[in-house]
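Below is one structure, written out as structure tokens; the observations come after it.
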Amino acid sequence: MGEKEEKNDDGIVKHTLKDSVFTSLFKEKKYLMQLYQALHPEDRDVTEDDLQDVTVSNVLVNDIYNDIGFRVGSTLLILIESQSTWTPNIIFRALMYLVQTYREYFNETRQNIYNSKKLRMPKPEVYVIYTGDRKTRPEEISFAGEFFGGEQVCLDLKVKMIYDGKEGDIINQYVVFTKVCNEQVKAYGRTRKAIRETIRICKDKNVLKEYLESREQEVLDMLMELYDQEEVMRSYLESERYEAAQEAAKKAENTTKIQMAREMIHGNEPLEKIIRYSGLSREAVLEIQKEELQMAT
């Protein structure tokens with residue numbers, strides 16, 4: 001991870017603000033174990049000691065991220081969470097995450113990718129937990145399918161989609177938590193009251209109750225940090241759009257002035273009159289006159 005973890009006096013990991021609730025929750029072995037059991041209910045022999053966290057820092061931006069990775073025996077599991085509007089670009093994010101995880105695995109196991117000896121690597125499983133609204137719900141999406149119309153290409157990645165989980169399992173609880181949070185944000189805005197109401201409601205419904213009781217302040221801090229960053233991004237995008245609109249307006253205005261100057265030049269109007277009516281500088285009008293003369297000869 002990009003930030004160091006600290007532990008409190010009880011030896012419990014104190015999560016940094018680079019975490020989201022998603023990564024914070026599944027950093028804890030007991031919840032990670034529940035996650036694995038939800039994905040592989042047939043594997044009853046795995047214990048918490050068999051789970052190895054291989055979560056890496058965000059490979060796209062240095063920001064709050066919602067990606068986790070862990071190994072169980074010879075299997076590598078990558079999970080990406082997406083709450084925003086649906087986009088197939090999530091597959092590319094998963095692909096980059098997978099490549100980065102393998103790079104770290106090869107370094108850890110001292111394998112050289114330039115040697116002739118075939119590399120050993122855990123079998124990948126890639127999941128997206130999608131908590132946003134979407135009418136169509138495929139069970140699986142693929143890189144080739146989304147970007148190349150299903151043609152056979154030299155690179156493909158298949159991603160298993162998870163939407164709600166099974167009633168009461170850890171995935172279902174997390175999805176319910178996000179939906180309650182969205183409802184409270186609609187009611188109270190991106191405020192502490194919305195987060196506190198989310199926590200209260202979820203505890204009353206026995207949704208992530210133990211986690212929320214032990215991490216209430218951290219959840220509050222994490223979500224407020226997320227809201228703050230989203231507000232900064234929103235303001236940035238609005239300023240970018242405003243500047244672009246201003247630039248477009250200036251170009252349109254300048255185009256109108258140039259067109260007026262050209263028409264007045266064609267009408268043999270005096271230079272000073274052209275400057276006064278078009279609003280262009282003397283140098284600009286003289287340059288246009290030069291261009292018009294060259295075009296006429």
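Residue numbering restarts at 1 in every chain; chains get A, B, ... in the order shown in the structure tokens, and ligands count up from 1 in that same order.
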
Might you pull out every residue within 10 Å of Tyr31 in chain A, with only C-alpha atoms counted and same-chain residues fewer than 3 positions away left off, and present them as a CSV table (one decimal) with N, CA and C atoms, in the first residue's frame?
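Result written to around-v8.csv:
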```csv
chain,number,residue,atom,x,y,z
A,24,SER,N,-10.8,-1.4,3.7
A,24,SER,CA,-10.7,-1.4,5.2
A,24,SER,C,-11.4,-2.7,5.7
A,25,LEU,N,-12.6,-3.0,5.2
A,25,LEU,CA,-13.3,-4.1,5.7
A,25,LEU,C,-12.6,-5.4,5.4
A,26,PHE,N,-12.1,-5.6,4.2
A,26,PHE,CA,-11.5,-6.9,3.8
A,26,PHE,C,-10.0,-7.0,4.1
A,27,LYS,N,-9.5,-6.0,4.7
A,27,LYS,CA,-8.1,-6.1,5.3
A,27,LYS,C,-8.1,-7.0,6.5
A,28,GLU,N,-9.3,-7.1,7.1
A,28,GLU,CA,-9.4,-7.9,8.4
A,28,GLU,C,-9.6,-9.3,8.0
A,34,GLN,N,-14.7,-14.5,5.2
A,34,GLN,CA,-16.1,-14.6,4.8
A,34,GLN,C,-16.2,-14.3,3.3
A,35,LEU,N,-15.4,-13.4,2.8
A,35,LEU,CA,-15.5,-13.1,1.4
A,35,LEU,C,-15.1,-14.3,0.6
A,36,TYR,N,-14.0,-15.0,1.0
A,36,TYR,CA,-13.6,-16.1,0.2
A,36,TYR,C,-14.6,-17.2,0.3
A,37,GLN,N,-15.2,-17.4,1.4
A,37,GLN,CA,-16.3,-18.4,1.6
A,37,GLN,C,-17.5,-18.1,0.7
A,48,GLU,N,-8.1,-19.0,8.0
A,48,GLU,CA,-7.6,-17.6,7.9
A,48,GLU,C,-6.1,-17.6,7.6
A,170,ILE,N,-21.3,-11.8,3.4
A,170,ILE,CA,-20.5,-10.5,3.6
A,170,ILE,C,-20.6,-9.6,2.4
A,171,ILE,N,-20.7,-10.2,1.2
A,171,ILE,CA,-20.9,-9.4,0.0
A,171,ILE,C,-22.2,-8.7,0.0
A,208,LEU,N,-23.1,-5.6,8.7
A,208,LEU,CA,-21.7,-5.2,9.0
A,208,LEU,C,-21.7,-4.6,10.5
A,211,TYR,N,-18.3,-4.9,12.5
A,211,TYR,CA,-17.3,-4.0,11.9
A,211,TYR,C,-17.6,-2.5,12.2
```

message: Which residues are near Tyr163 in chain A? Cut-off 8 Å, only C-alpha atoms, ignore same chain within fewer than 3 positions. Put them as JSON, numbers by chain.
response: {"A": [129, 130, 131, 175]}

Close residues, Lys257 in chain A itself excluded, 8 Å, only C-alpha atoms, min 2 positions apart in chain, as a PDB file with C-alpha atoms, in the first residue's frame:
```
ATOM      1  CA  GLU A 253     -16.401  36.166 -30.975  1.00  0.00           C
ATOM      2  CA  ASN A 254     -13.034  36.472 -32.689  1.00  0.00           C
ATOM      3  CA  THR A 255     -14.339  34.582 -35.727  1.00  0.00           C
ATOM      4  CA  GLN A 259     -15.606  37.893 -40.719  1.00  0.00           C
ATOM      5  CA  MET A 260     -16.821  41.483 -40.258  1.00  0.00           C
ATOM      6  CA  ALA A 261     -13.357  42.823 -41.060  1.00  0.00           C
ATOM      7  CA  SER A 278     -14.642  45.044 -35.896  1.00  0.00           C
ATOM      8  CA  GLY A 279     -12.943  45.625 -32.558  1.00  0.00           C
ATOM      9  CA  LEU A 280      -9.727  44.095 -33.890  1.00  0.00           C
TER      10      LEU A 280
END
```

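The list of residues with at least one atom within 6 Å of range 138-147 of chain A, based on only C-alpha atoms and without residues fewer than 4 positions apart in the same chain, reads Asp156, Leu157, Lys158, Val159, Lys160 and Met161 of chain A.
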
message: For the alpha helix (DSSP H) assignment from backbone DSSP, which residues of range 117-247 of chain A qualify? Please present them as a count of residues only.
response: 76

task: Give me every strand (DSSP E) residue in range 106-218 of chain A, going by DSSP on the backbone, as a PyMOL selection string.
output: chain A and resi 123-130+140-142+158-162

field: Spatial neighbours of Glu291 in chain A, 12 Å, only C-alpha atoms, chain gap at least 5 places, as a PyMOL selection string
entry: chain A and resi 258+261-262+265-266+284-286+296-297

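CA of Ser74 in chain A sits 14.3 Å away from CA of Asp49 in chain A.
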
For Ser82 in chain A, find every residue with an atom within 12 Å (counting only C-alpha atoms), except residues of its own chain fewer than 5 positions away, and show them as a PDB file with C-alpha atoms, in the first residue's frame.
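Below is the file part-v7.pdb, written as the result:
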```pdb
ATOM      1  CA  SER A  20     -12.086   2.968   1.374  1.00  0.00           C
ATOM      2  CA  PHE A  22     -14.260  -1.718   0.946  1.00  0.00           C
ATOM      3  CA  TYR A  65      -8.965   2.992  -4.124  1.00  0.00           C
ATOM      4  CA  ASN A  66     -11.413   0.100  -3.999  1.00  0.00           C
ATOM      5  CA  ASP A  67      -9.289  -2.833  -5.151  1.00  0.00           C
ATOM      6  CA  THR A  87     -18.244   1.574 -17.636  1.00  0.00           C
ATOM      7  CA  PRO A  88     -16.466  -1.293 -19.411  1.00  0.00           C
ATOM      8  CA  ASN A  89     -13.195   0.468 -18.565  1.00  0.00           C
ATOM      9  CA  ILE A  90     -13.364  -1.371 -15.249  1.00  0.00           C
ATOM     10  CA  ILE A  91     -11.963  -4.373 -17.140  1.00  0.00           C
ATOM     11  CA  ARG A  93      -8.424  -1.361 -14.466  1.00  0.00           C
ATOM     12  CA  ALA A  94      -8.647  -5.022 -13.422  1.00  0.00           C
ATOM     13  CA  TYR A 127     -14.325 -10.199  -9.856  1.00  0.00           C
ATOM     14  CA  VAL A 128     -16.116  -6.863  -9.953  1.00  0.00           C
ATOM     15  CA  ILE A 129     -18.542  -6.083  -7.153  1.00  0.00           C
ATOM     16  CA  TYR A 130     -20.857  -3.573  -8.774  1.00  0.00           C
ATOM     17  CA  THR A 131     -23.054  -1.600  -6.381  1.00  0.00           C
ATOM     18  CA  GLY A 132     -24.411   1.011  -8.778  1.00  0.00           C
ATOM     19  CA  ASP A 133     -27.667   0.929 -10.735  1.00  0.00           C
ATOM     20  CA  ARG A 134     -27.676  -1.054 -13.961  1.00  0.00           C
ATOM     21  CA  MET A 161     -19.684  -9.848 -12.018  1.00  0.00           C
ATOM     22  CA  ILE A 162     -21.186  -9.753  -8.529  1.00  0.00           C
ATOM     23  CA  TYR A 163     -24.191  -7.553  -7.823  1.00  0.00           C
ATOM     24  CA  VAL A 175     -23.876  -4.021  -0.991  1.00  0.00           C
ATOM     25  CA  THR A 178     -23.620   1.058   0.092  1.00  0.00           C
TER      26      THR A 178
END
```

message: One number please: CA of Tyr277 in chain A to CA of Glu263 in chain A, in Å, one decimal.
response: 11.4 Å

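You will find CA of Lys166 in chain A at 12.3 Å from CA of His40 in chain A.
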